[in-house]
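S.K.: Please read through the structure below; I'll follow up with questions.
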Amino acid sequence: MIEVRGLTKRYRDHVAVQGLSFQVEPGEVVGFLGPNGAGKSTTMRILSGYMPATEGQVKIAGVDVFEDPLAVKRHIGYLPEIPPVYLDMTVRGYLLFVARLKGVPGRELKAEVERVAAKAGVDHILPRLIRNISKGYRQRVGIAQALLRNPDVLILDEPTVGLDPIQIDQVRKLIMELGESKKHTIILSTHILSEVKATCERIIMIAKGHIVADAKLADLEREHDLPLEQIFTKLAVS
């Protein structure tokens, strides 16, 4: 579902990511793990078509991100680190707005908004202004907009950053439910180890712009004979 080959992004003399190559199969839930500044968000932005790469190739559902970015976006639901919500809109108004942008037919708008709102657990706050809901619910609204049109791939960049423990637990449970459905291929970018352990089947670990590990969690811990926390410390500073 996701194919990445030799992905590199340079900003003048700074190399954010260098030669990344990996694949994600349909229905997988993959944690894209690394310390701050490792290149996680840069990679997510490139995968979603938000940012061009300097070199390399990315395909989503067999479509090249750089050759046909609009076609790729039809396969992707993207939640950036800061949810792209408009505070002066109601939850319903915002989801209708995004649904129209994504080309949901007019006769299907109401049902589609209600579907994703129920899935993300925000159906009971549809009439409320986004500025008047908690940060946790704003994250859920962000996930709801990513689910519009039932995309093949969900790209979630730091979905629980800045949330309190209760909100973190709520968002993690939602991600787990989405993963268990096997209807979406999910790549979750984070530096929070407990988040990966709770939600992901496989880990791709990045440090200083390079992949330093790519394996199922159990296999990675068996290979290093260490818990994930110590593996992360070992590989992230190597």
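In the structure tokens, chains take letters A, B, ... by order of appearance, with residues numbered from 1 within each chain and ligands from 1 in the order shown.
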Mind dumping a table of every range 146-232 of chain A residue within 12 Å of range 54-73 of chain A, with the nearest atom pair and its distance in Å to one decimal, using only C-alpha atoms, sorted by chain and rising number, as CSV?
M.R.:
```
residue,atom,partner,partner_atom,distance
A:Ala146,CA,A:Lys73,CA,10.8
A:Leu148,CA,A:Lys73,CA,11.7
A:Arg149,CA,A:Lys73,CA,10.9
A:Asn150,CA,A:Lys73,CA,11.9
A:Pro151,CA,A:Lys73,CA,8.9
A:Asp152,CA,A:Ala61,CA,7.8
A:Val153,CA,A:Ile60,CA,8.0
A:Leu154,CA,A:Lys73,CA,10.7
A:Ile155,CA,A:Lys73,CA,11.2
A:His184,CA,A:Ala61,CA,11.7
A:Thr185,CA,A:Ala61,CA,10.2
```
S.K.: Hey, what's within 12 Å of range 82-87 of chain A if we count only C-alpha atoms and toss same-chain stuff fewer than 3 positions away? As number ranges by chain, please?
M.R.: A: 41, 78-79, 90-95, 97-98, 128-146, 156-163
S.K.: Between CA of Ala207 in chain A and CA of Ile231 in chain A, measure the distance and give it in Å to one decimal.
M.R.: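 For CA of Ala207 in chain A relative to CA of Ile231 in chain A, the distance reads 12.3 Å.
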S.K.: Enumerate, in order of chain and increasing residue number, the residues of range 173-194 of chain A with an atom no farther than 12 Å from range 20-26 of chain A, each with its shortest atom pair and distance in Å to one decimal, counting only C-alpha atoms, as a tab-separated table.
M.R.:
```
residue	atom	partner	partner_atom	distance
A:Gly179	CA	A:Pro26	CA	10.9
A:Ser181	CA	A:Pro26	CA	11.8
A:Lys182	CA	A:Pro26	CA	8.0
A:Lys183	CA	A:Pro26	CA	8.4
A:His184	CA	A:Pro26	CA	7.3
A:Thr185	CA	A:Pro26	CA	5.4
A:Ile186	CA	A:Val24	CA	8.7
A:Ile187	CA	A:Val24	CA	8.3
A:Leu188	CA	A:Val24	CA	11.8
```
S.K.: Write out the residues from the selection above, keeping N, CA and C atoms, as a PDB file, in the first residue's frame.
M.R.:
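Output below, filename part-v4.pdb:
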```pdb
ATOM      1  N   GLY A 179      -7.282   0.365  13.606  1.00  0.00           N
ATOM      2  CA  GLY A 179      -6.327  -0.650  13.179  1.00  0.00           C
ATOM      3  C   GLY A 179      -6.940  -2.041  13.176  1.00  0.00           C
ATOM      4  N   SER A 181      -9.913  -2.871  12.633  1.00  0.00           N
ATOM      5  CA  SER A 181     -10.886  -3.042  11.551  1.00  0.00           C
ATOM      6  C   SER A 181     -10.248  -3.554  10.264  1.00  0.00           C
ATOM      7  N   LYS A 182      -8.933  -3.341  10.112  1.00  0.00           N
ATOM      8  CA  LYS A 182      -8.181  -3.746   8.914  1.00  0.00           C
ATOM      9  C   LYS A 182      -8.693  -3.080   7.634  1.00  0.00           C
ATOM     10  N   LYS A 183      -9.469  -2.007   7.795  1.00  0.00           N
ATOM     11  CA  LYS A 183      -9.973  -1.289   6.625  1.00  0.00           C
ATOM     12  C   LYS A 183      -9.022  -0.193   6.170  1.00  0.00           C
ATOM     13  N   HIS A 184      -8.059   0.131   7.009  1.00  0.00           N
ATOM     14  CA  HIS A 184      -7.116   1.196   6.686  1.00  0.00           C
ATOM     15  C   HIS A 184      -5.678   0.714   6.953  1.00  0.00           C
ATOM     16  N   THR A 185      -4.774   1.167   6.129  1.00  0.00           N
ATOM     17  CA  THR A 185      -3.348   1.023   6.423  1.00  0.00           C
ATOM     18  C   THR A 185      -2.946   2.276   7.190  1.00  0.00           C
ATOM     19  N   ILE A 186      -2.351   2.107   8.369  1.00  0.00           N
ATOM     20  CA  ILE A 186      -2.088   3.248   9.246  1.00  0.00           C
ATOM     21  C   ILE A 186      -0.595   3.386   9.499  1.00  0.00           C
ATOM     22  N   ILE A 187      -0.081   4.589   9.318  1.00  0.00           N
ATOM     23  CA  ILE A 187       1.286   4.894   9.710  1.00  0.00           C
ATOM     24  C   ILE A 187       1.215   6.029  10.736  1.00  0.00           C
ATOM     25  N   LEU A 188       1.730   5.743  11.912  1.00  0.00           N
ATOM     26  CA  LEU A 188       1.616   6.626  13.065  1.00  0.00           C
ATOM     27  C   LEU A 188       2.994   7.147  13.433  1.00  0.00           C
TER      28      LEU A 188
END
```
S.K.: Run DSSP on the backbone of this structure and report the residues of range 1-232 of chain A it assigns to alpha helix (DSSP H), as a PyMOL selection string.
M.R.: chain A and resi 40-47+69-73+91-101+109-120+135-147+165-180+193-199+217-224+228-232
S.K.: Could you pull out the strand (DSSP E) residues of range 45-188 of chain A, going by DSSP on the backbone, and write them as number ranges by chain?
M.R.: A: 55-60, 63-64, 76-79, 153-157, 185-188
S.K.: Restricting the output to N, CA and C atoms, write the selected residues as a tab-separated table (two decimals), in the first residue's frame.
M.R.:
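Written file, result.tsv:
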```
chain	number	residue	atom	x	y	z
A	55	GLU	N	14.93	13.76	-3.57
A	55	GLU	CA	15.20	12.57	-4.37
A	55	GLU	C	14.31	11.43	-3.88
A	56	GLY	N	14.20	10.40	-4.73
A	56	GLY	CA	13.51	9.20	-4.32
A	56	GLY	C	12.13	9.06	-4.92
A	57	GLN	N	11.45	8.00	-4.53
A	57	GLN	CA	10.13	7.68	-5.06
A	57	GLN	C	9.21	7.26	-3.94
A	58	VAL	N	7.97	7.71	-4.00
A	58	VAL	CA	6.93	7.30	-3.06
A	58	VAL	C	5.69	6.92	-3.85
A	59	LYS	N	5.14	5.74	-3.57
A	59	LYS	CA	3.88	5.32	-4.18
A	59	LYS	C	2.89	4.98	-3.09
A	60	ILE	N	1.67	5.46	-3.26
A	60	ILE	CA	0.56	5.13	-2.37
A	60	ILE	C	-0.49	4.42	-3.21
A	63	VAL	N	0.18	4.52	-6.87
A	63	VAL	CA	0.21	5.81	-7.56
A	63	VAL	C	1.40	6.62	-7.06
A	64	ASP	N	2.18	7.18	-7.97
A	64	ASP	CA	3.36	7.95	-7.61
A	64	ASP	C	2.96	9.31	-7.03
A	76	ILE	N	-5.59	9.02	0.70
A	76	ILE	CA	-4.98	9.33	1.99
A	76	ILE	C	-5.89	10.16	2.88
A	77	GLY	N	-5.89	9.81	4.16
A	77	GLY	CA	-6.43	10.68	5.20
A	77	GLY	C	-5.25	11.12	6.06
A	78	TYR	N	-5.07	12.42	6.22
A	78	TYR	CA	-3.85	12.94	6.87
A	78	TYR	C	-4.23	13.80	8.07
A	79	LEU	N	-3.65	13.48	9.21
A	79	LEU	CA	-3.78	14.30	10.40
A	79	LEU	C	-2.40	14.84	10.75
A	153	VAL	N	-5.34	4.79	3.21
A	153	VAL	CA	-4.18	5.03	4.07
A	153	VAL	C	-4.48	6.18	5.04
A	154	LEU	N	-4.16	5.97	6.31
A	154	LEU	CA	-4.24	7.04	7.31
A	154	LEU	C	-2.83	7.38	7.76
A	155	ILE	N	-2.47	8.66	7.67
A	155	ILE	CA	-1.17	9.14	8.12
A	155	ILE	C	-1.42	10.07	9.31
A	156	LEU	N	-0.99	9.64	10.48
A	156	LEU	CA	-1.24	10.36	11.72
A	156	LEU	C	0.08	10.82	12.31
A	157	ASP	N	0.27	12.13	12.38
A	157	ASP	CA	1.54	12.70	12.85
A	157	ASP	C	1.36	13.23	14.27
A	185	THR	N	-4.77	1.17	6.13
A	185	THR	CA	-3.35	1.02	6.42
A	185	THR	C	-2.95	2.28	7.19
A	186	ILE	N	-2.35	2.11	8.37
A	186	ILE	CA	-2.09	3.25	9.25
A	186	ILE	C	-0.59	3.39	9.50
A	187	ILE	N	-0.08	4.59	9.32
A	187	ILE	CA	1.29	4.89	9.71
A	187	ILE	C	1.22	6.03	10.74
A	188	LEU	N	1.73	5.74	11.91
A	188	LEU	CA	1.62	6.63	13.07
A	188	LEU	C	2.99	7.15	13.43
```
S.K.: Could you list, as an MDAnalysis selection string, every residue within 10 Å of Glu180 in chain A, counting only C-alpha atoms and ignoring same-chain residues fewer than 6 positions away?
M.R.: chainID A and resid 27:29 174 199
S.K.: Only N, CA and C atoms, please: the residues just picked out, written as a short mmCIF file (atom, residue, chain, number, x, y, z; two decimals), in the first residue's frame.
M.R.:
```cif
data_model
loop_
_atom_site.label_atom_id
_atom_site.label_comp_id
_atom_site.auth_asym_id
_atom_site.auth_seq_id
_atom_site.Cartn_x
_atom_site.Cartn_y
_atom_site.Cartn_z
N GLY A 27 -3.54 -2.90 5.46
CA GLY A 27 -4.06 -3.28 6.76
C GLY A 27 -3.06 -3.22 7.90
N GLU A 28 -1.79 -2.94 7.61
CA GLU A 28 -0.78 -2.85 8.67
C GLU A 28 -0.94 -1.56 9.48
N VAL A 29 -0.56 -1.63 10.75
CA VAL A 29 -0.47 -0.45 11.60
C VAL A 29 1.01 -0.32 12.00
N LEU A 174 -9.15 4.91 19.96
CA LEU A 174 -9.72 5.13 18.63
C LEU A 174 -8.78 4.60 17.56
N THR A 199 -0.47 0.63 20.22
CA THR A 199 -1.27 0.71 18.99
C THR A 199 -0.66 0.02 17.77
#
```
S.K.: Give me the residues near Ala213 in chain A as a list in words, where near means some atom within 10 Å (using only C-alpha atoms) and where sequence neighbours in that chain fewer than 4 positions away do not count.
M.R.: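 The residues satisfying every condition are Leu33, Ile203, Ile204, Met205, Ile206, Ala207, Leu220, Ile231, Phe232, Leu235 and Ala236 of chain A.
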S.K.: For C-alpha atoms, I'd like the residues from the last selection saved as a CSV table (one decimal), in the first residue's frame.
M.R.:
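Output contents, as saved in result_20.csv:
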```csv
chain,number,residue,atom,x,y,z
A,33,LEU,CA,9.3,6.2,15.7
A,203,ILE,CA,8.0,-0.4,14.1
A,204,ILE,CA,10.2,1.7,11.8
A,205,MET,CA,12.7,3.6,13.8
A,206,ILE,CA,14.4,6.7,12.4
A,207,ALA,CA,17.4,8.6,13.8
A,220,LEU,CA,12.9,-6.2,17.8
A,231,ILE,CA,16.3,-0.2,22.3
A,232,PHE,CA,15.1,3.3,21.4
A,235,LEU,CA,19.6,3.1,18.4
A,236,ALA,CA,18.5,6.8,18.6
```
S.K.: A:Arg202, A:Arg45, A:Arg107, A:Arg115: which is nearest Leu147 in chain A, counting only C-alpha atoms?
M.R.: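 Answer, going by the shortest atom-to-atom distance: A:Arg115.
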S.K.: To one decimal place, how far is CA of Leu178 in chain A from CA of Glu195 in chain A in Å?
M.R.: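 Distance reported for this atom pair: 14.6 Å.
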S.K.: What is the distance, in Å and to one decimal place, between CA of Lys216 in chain A and CA of Ile168 in chain A?
M.R.: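 Calculated distance between CA of Lys216 in chain A and CA of Ile168 in chain A is 23.1 Å.
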